[in-house]
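Take a look at the structure set out below.
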Amino acid sequence: MRLDYAALFFATPSPCLVLDPDLIIVDANRAYLRATVRTREDLVDRFVFDAFPDNPGDPDAEGVPSLASSFRRVLETSKPDSLAPQRYDIPLVDSPGQFEERWWSTTNTPVFSPTGEVAWILHRVEDVTAFLQDIRRRGPDRLREAGMEAELYGRSRELQRVNEELRQAHARERQVAVALQEAMLHVPDLDKHQDIAVRYLPAVGSLNVCGDWYDVVDLAHGIFALAVGDVVGHGLQAATVMGMLRSALSAATRAVDGPAKALEVLGLYARSVEGAVATTAAVVTVDTSRCLMTYSCAGHPPPILMRPDGSWEALDQATDPPLGARPSHVPRPQTSRPYTPGAMLVLYTDGLVERRGEDIDVGLDRLAGALSHHRQLGAERLADAVLRELDVSGGAADDIALVIVRL
């Protein structure tokens, strides 16, 4: 017999609401209706905080802002969020303007659509009013028995307050970090290229500020340059070095002839920048009138050329050590490669292909397979599909920069 999930939800003994991402009530089970003394008609299709506003008679009411913060965290992180027991009075149905004191323990859980977005929030509550009111009613002789419960409750409330302050502080830091990274990775020339997609993913656990970069530089008519780079390390120091090197390489690419000379200039500059030694980078110029690519790599994983028929090759014939690896200046190699219109050029950093305990060739094959599988897509959709297939769209152990060009 096929399981009736709607009947199962309605019969679940824990009080539950289903909300959409706009916090409109979609459904309520029997236990929730019983706990709040409401009918489905009272709740369904209403904004949750219109149905349950804060008690205006309680100057310390914090139910709405606390619960709203929890809903926001679920939508932003796609992870469940729990709240310590808190007071959240509810309006009396038969006495407009009057509220009944209620205490709730709450868990909010994301429910995903087939495409992976948060489609609903399952809002589950437990009414702990009787327990907490019983503690308050106990006289001095019985208060000691409730001491542990009261202390645990008090500590849980304090922990919730501290956690909320930490979340807010982290959110402020992350906003600053995101703004910094976006400023550093701004690519003015990218707007002129509808067939180029770029992606940047920070390492899991980082504050969105890392050392990988990408760039697009317009040169003569019909000629442009692409670059990716990877500074050793993570965090603000790596991002600072990244910003300096990226700007220097962008200037060098405009000033000198060819990727190899641009990387030579960058290597000389890197020796004067603390933390820049051992940075890797790859530069490719594309001449669209001649269907010709010219490239050079400084210790960086090779760009990939994906042909229209799904076959591919790694551009690994002009690879040299990372920046600053040699004690004295040595000219860097470069080579040229023709391409067929309709091909794809892919530049990336090692976080996309490297896995612990695995040969990098395995990662390159995995990337090439994903590119071939989705090669009919445009650059933007292809970039997203590749990140999903390589299972890094939610973050990886290392930073990732990705550039995909439809040639």
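Here, A, B, ... name the chains of the structure tokens in the order displayed, residue numbers run from 1 inside each chain, and ligands are numbered from 1 in the same displayed order.
Once segment 256-259 of chain A and its same-chain neighbours fewer than 5 positions away are set aside, Val283, Val284, Thr285, Tyr295, Ser296 and Gln334 of chain A remain within 7 Å of it when counting only C-alpha atoms.
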Task: Expected answer as a PyMOL selection string: strand (DSSP E) residues in segment 80-130 of chain A - done: chain A and resi 81-87+90-91+99-100+103-112+118-127
With C-alpha atoms retained, write the just-selected residues as a PDB file, in the first residue's frame.
ATOM      1  CA  ASP A  81      18.258  25.312  13.446  1.00  0.00           C
ATOM      2  CA  SER A  82      17.117  24.817  17.049  1.00  0.00           C
ATOM      3  CA  LEU A  83      16.187  27.321  19.727  1.00  0.00           C
ATOM      4  CA  ALA A  84      16.420  26.943  23.491  1.00  0.00           C
ATOM      5  CA  PRO A  85      13.060  27.077  25.325  1.00  0.00           C
ATOM      6  CA  GLN A  86      11.713  30.612  25.128  1.00  0.00           C
ATOM      7  CA  ARG A  87       8.582  32.535  25.978  1.00  0.00           C
ATOM      8  CA  ILE A  90      -0.039  33.528  21.646  1.00  0.00           C
ATOM      9  CA  PRO A  91      -3.227  35.554  21.116  1.00  0.00           C
ATOM     10  CA  PHE A  99      -2.450  36.877  25.091  1.00  0.00           C
ATOM     11  CA  GLU A 100      -1.778  33.626  26.909  1.00  0.00           C
ATOM     12  CA  TRP A 103       6.846  28.629  26.401  1.00  0.00           C
ATOM     13  CA  TRP A 104       8.159  26.620  23.464  1.00  0.00           C
ATOM     14  CA  SER A 105      11.122  24.494  22.447  1.00  0.00           C
ATOM     15  CA  THR A 106      11.594  24.904  18.687  1.00  0.00           C
ATOM     16  CA  THR A 107      13.376  23.193  15.794  1.00  0.00           C
ATOM     17  CA  ASN A 108      13.229  24.480  12.198  1.00  0.00           C
ATOM     18  CA  THR A 109      14.246  22.077   9.424  1.00  0.00           C
ATOM     19  CA  PRO A 110      14.711  22.788   5.688  1.00  0.00           C
ATOM     20  CA  VAL A 111      12.797  20.671   3.169  1.00  0.00           C
ATOM     21  CA  PHE A 112      14.376  20.673  -0.283  1.00  0.00           C
ATOM     22  CA  VAL A 118      14.912  25.143   0.284  1.00  0.00           C
ATOM     23  CA  ALA A 119      11.270  24.810  -0.755  1.00  0.00           C
ATOM     24  CA  TRP A 120       9.687  24.663   2.708  1.00  0.00           C
ATOM     25  CA  ILE A 121      10.555  24.940   6.388  1.00  0.00           C
ATOM     26  CA  LEU A 122       9.237  22.332   8.819  1.00  0.00           C
ATOM     27  CA  HIS A 123       8.594  24.264  12.043  1.00  0.00           C
ATOM     28  CA  ARG A 124       8.312  21.809  14.949  1.00  0.00           C
ATOM     29  CA  VAL A 125       7.551  22.958  18.504  1.00  0.00           C
ATOM     30  CA  GLU A 126       7.079  21.396  21.912  1.00  0.00           C
ATOM     31  CA  ASP A 127       4.943  23.229  24.479  1.00  0.00           C
TER      32      ASP A 127
END
- [ ] Just give me the gap between atom CA of Gly229 of chain A and atom CA of His300 of chain A in Å, one decimal is fine.
- [x] 7.7 Å
Open item on the list: Write out as a PyMOL selection string the set of residues from segment 170-345 of chain A that DSSP, computed on the backbone, places in helix (DSSP H, G or I).
Closed with: chain A and resi 170-184+188-192+235-255+259-270
Task: Pick from A:Phe131, A:Tyr5, A:Tyr269, A:Phe224 nearest to Leu407 of chain A, counting only C-alpha atoms - done: A:Phe224
- [ ] For Ile223 of chain A, please output as a ChimeraX atom specification all residues within 9 Å (counting only C-alpha atoms; exclusion window: fewer than 5 positions along the same chain).
- [x] /A:217-218,285-289
TODO: With a distance cut-off of 12 Å and only C-alpha atoms, select the neighbouring residues of segment 52-61 of chain A, excluding the residue or stretch itself and same-chain residues fewer than 6 positions from it, and output the selection as a list in words.
DONE: Leu23, Ile24, Ile25, Thr36, Arg38, Asp42, Leu43, Arg46, Leu67, Ala68, Gln86, Arg87, Tyr88, Asp89, Ile90, Pro91, Leu92, Val93, Pro96, Gly97, Gln98, Phe99, Glu100, Glu101, Arg102 and Trp103 of chain A
Selection: 10 Å around Leu33 of chain A, only C-alpha atoms, excl. self and same-chain fewer than 5 positions, as an mmCIF file with all heavy atoms, in the first residue's frame:
data_model
loop_
_atom_site.group_PDB
_atom_site.id
_atom_site.type_symbol
_atom_site.label_atom_id
_atom_site.label_comp_id
_atom_site.auth_asym_id
_atom_site.auth_seq_id
_atom_site.Cartn_x
_atom_site.Cartn_y
_atom_site.Cartn_z
ATOM 1 N N PHE A 10 -0.250 14.826 9.261
ATOM 2 C CA PHE A 10 -1.355 15.320 10.072
ATOM 3 C C PHE A 10 -1.464 14.546 11.382
ATOM 4 O O PHE A 10 -1.882 15.081 12.403
ATOM 5 C CB PHE A 10 -2.666 15.216 9.285
ATOM 6 C CG PHE A 10 -3.766 16.071 9.865
ATOM 7 C CD1 PHE A 10 -3.669 17.452 9.845
ATOM 8 C CD2 PHE A 10 -4.890 15.481 10.423
ATOM 9 C CE1 PHE A 10 -4.677 18.242 10.386
ATOM 10 C CE2 PHE A 10 -5.896 16.263 10.965
ATOM 11 C CZ PHE A 10 -5.797 17.652 10.951
ATOM 12 N N PRO A 15 3.744 18.948 17.470
ATOM 13 C CA PRO A 15 3.127 20.064 16.743
ATOM 14 C C PRO A 15 4.045 20.568 15.636
ATOM 15 O O PRO A 15 5.208 20.887 15.879
ATOM 16 C CB PRO A 15 2.937 21.132 17.831
ATOM 17 C CG PRO A 15 2.935 20.362 19.127
ATOM 18 C CD PRO A 15 3.880 19.236 18.911
ATOM 19 N N CYS A 16 3.521 20.655 14.405
ATOM 20 C CA CYS A 16 4.341 21.047 13.252
ATOM 21 C C CYS A 16 3.569 21.982 12.329
ATOM 22 O O CYS A 16 2.365 21.803 12.112
ATOM 23 C CB CYS A 16 4.773 19.831 12.440
ATOM 24 S SG CYS A 16 5.845 18.680 13.300
ATOM 25 N N LEU A 17 4.295 22.966 11.795
ATOM 26 C CA LEU A 17 3.822 23.815 10.706
ATOM 27 C C LEU A 17 4.715 23.602 9.501
ATOM 28 O O LEU A 17 5.901 23.290 9.639
ATOM 29 C CB LEU A 17 3.918 25.298 11.090
ATOM 30 C CG LEU A 17 2.849 25.968 11.933
ATOM 31 C CD1 LEU A 17 3.198 27.443 12.102
ATOM 32 C CD2 LEU A 17 1.473 25.809 11.326
ATOM 33 N N ALA A 28 -0.662 22.831 8.676
ATOM 34 C CA ALA A 28 -0.472 22.625 10.119
ATOM 35 C C ALA A 28 -1.053 21.275 10.479
ATOM 36 O O ALA A 28 -2.133 20.912 9.991
ATOM 37 C CB ALA A 28 -1.166 23.730 10.916
ATOM 38 N N ARG A 38 -6.206 26.454 17.401
ATOM 39 C CA ARG A 38 -6.516 27.077 16.123
ATOM 40 C C ARG A 38 -7.106 26.041 15.178
ATOM 41 O O ARG A 38 -7.013 24.830 15.414
ATOM 42 C CB ARG A 38 -5.248 27.662 15.463
ATOM 43 C CG ARG A 38 -4.564 28.779 16.241
ATOM 44 C CD ARG A 38 -5.458 30.016 16.355
ATOM 45 N NE ARG A 38 -4.726 31.191 16.770
ATOM 46 C CZ ARG A 38 -4.462 31.505 18.041
ATOM 47 N NH1 ARG A 38 -4.831 30.692 19.024
ATOM 48 N NH2 ARG A 38 -3.841 32.644 18.330
ATOM 49 N N THR A 39 -7.702 26.522 14.097
ATOM 50 C CA THR A 39 -8.136 25.659 13.009
ATOM 51 C C THR A 39 -7.207 25.892 11.811
ATOM 52 O O THR A 39 -6.473 26.892 11.770
ATOM 53 C CB THR A 39 -9.583 25.966 12.584
ATOM 54 O OG1 THR A 39 -9.633 27.297 12.026
ATOM 55 C CG2 THR A 39 -10.523 25.880 13.788
ATOM 56 N N ARG A 40 -7.248 24.988 10.848
ATOM 57 C CA ARG A 40 -6.427 25.179 9.648
ATOM 58 C C ARG A 40 -6.819 26.464 8.940
ATOM 59 O O ARG A 40 -5.965 27.173 8.384
ATOM 60 C CB ARG A 40 -6.580 24.008 8.686
ATOM 61 C CG ARG A 40 -5.932 22.720 9.163
ATOM 62 C CD ARG A 40 -5.986 21.626 8.103
ATOM 63 N NE ARG A 40 -4.988 21.825 7.058
ATOM 64 C CZ ARG A 40 -5.247 22.293 5.846
ATOM 65 N NH1 ARG A 40 -6.496 22.645 5.521
ATOM 66 N NH2 ARG A 40 -4.293 22.435 4.943
ATOM 67 N N ASP A 42 -7.717 29.156 10.300
ATOM 68 C CA ASP A 42 -7.113 30.288 11.014
ATOM 69 C C ASP A 42 -5.678 30.557 10.553
ATOM 70 O O ASP A 42 -5.186 31.693 10.673
ATOM 71 C CB ASP A 42 -7.083 30.026 12.526
ATOM 72 C CG ASP A 42 -8.463 29.981 13.153
ATOM 73 O OD1 ASP A 42 -9.372 30.658 12.630
ATOM 74 O OD2 ASP A 42 -8.624 29.265 14.166
ATOM 75 N N LEU A 43 -5.007 29.523 10.045
ATOM 76 C CA LEU A 43 -3.561 29.620 9.838
ATOM 77 C C LEU A 43 -3.113 29.560 8.385
ATOM 78 O O LEU A 43 -2.231 30.316 7.978
ATOM 79 C CB LEU A 43 -2.861 28.493 10.621
ATOM 80 C CG LEU A 43 -3.095 28.473 12.137
ATOM 81 C CD1 LEU A 43 -2.366 27.285 12.755
ATOM 82 C CD2 LEU A 43 -2.627 29.775 12.765
#
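In this model, the gap between atom CA of Val26 of chain A and atom CA of Val44 of chain A comes to 5.4 Å.
Near Pro13 of chain A, within a cut-off of 10 Å and counting only C-alpha atoms, sit the residues A:Asn29, A:Arg30, A:Ala31, A:Tyr32, with same-chain residues fewer than 6 positions away left out.
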Task: Straight-line distance linking atom CA of Leu402 of chain A with atom CA of His329 of chain A, stated in Å to one decimal - done: 29.3 Å
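Comparing the minimum interatomic distances between Asp212 of chain A and each of A:Ile400, A:Ala368, A:Ala35, A:Ala252, counting only C-alpha atoms, we find that A:Ile400 sits nearest.
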Env of Asp230 of chain A: 6 Å cut, atoms = only C-alpha atoms, seq-sep filter 6 positions within chain, self excluded. Answer as a compact mmCIF listing (two decimals) with N, CA, C and O atoms, in the first residue's frame.
# COMPACT_ATOMS: atom_id res chain seq x y z
N GLY A 211 43.10 32.99 -1.52
CA GLY A 211 44.18 33.42 -2.39
C GLY A 211 44.05 33.07 -3.85
O GLY A 211 44.97 33.33 -4.62
N ASP A 212 42.95 32.46 -4.29
CA ASP A 212 42.78 32.14 -5.71
C ASP A 212 42.21 33.35 -6.44
O ASP A 212 41.46 34.14 -5.87
N THR A 279 53.61 30.97 -5.49
CA THR A 279 52.32 31.18 -6.15
C THR A 279 52.35 30.54 -7.54
O THR A 279 53.37 30.59 -8.25
N THR A 280 51.26 29.95 -7.95
CA THR A 280 51.14 29.40 -9.30
C THR A 280 50.18 30.25 -10.11
O THR A 280 49.29 30.91 -9.56
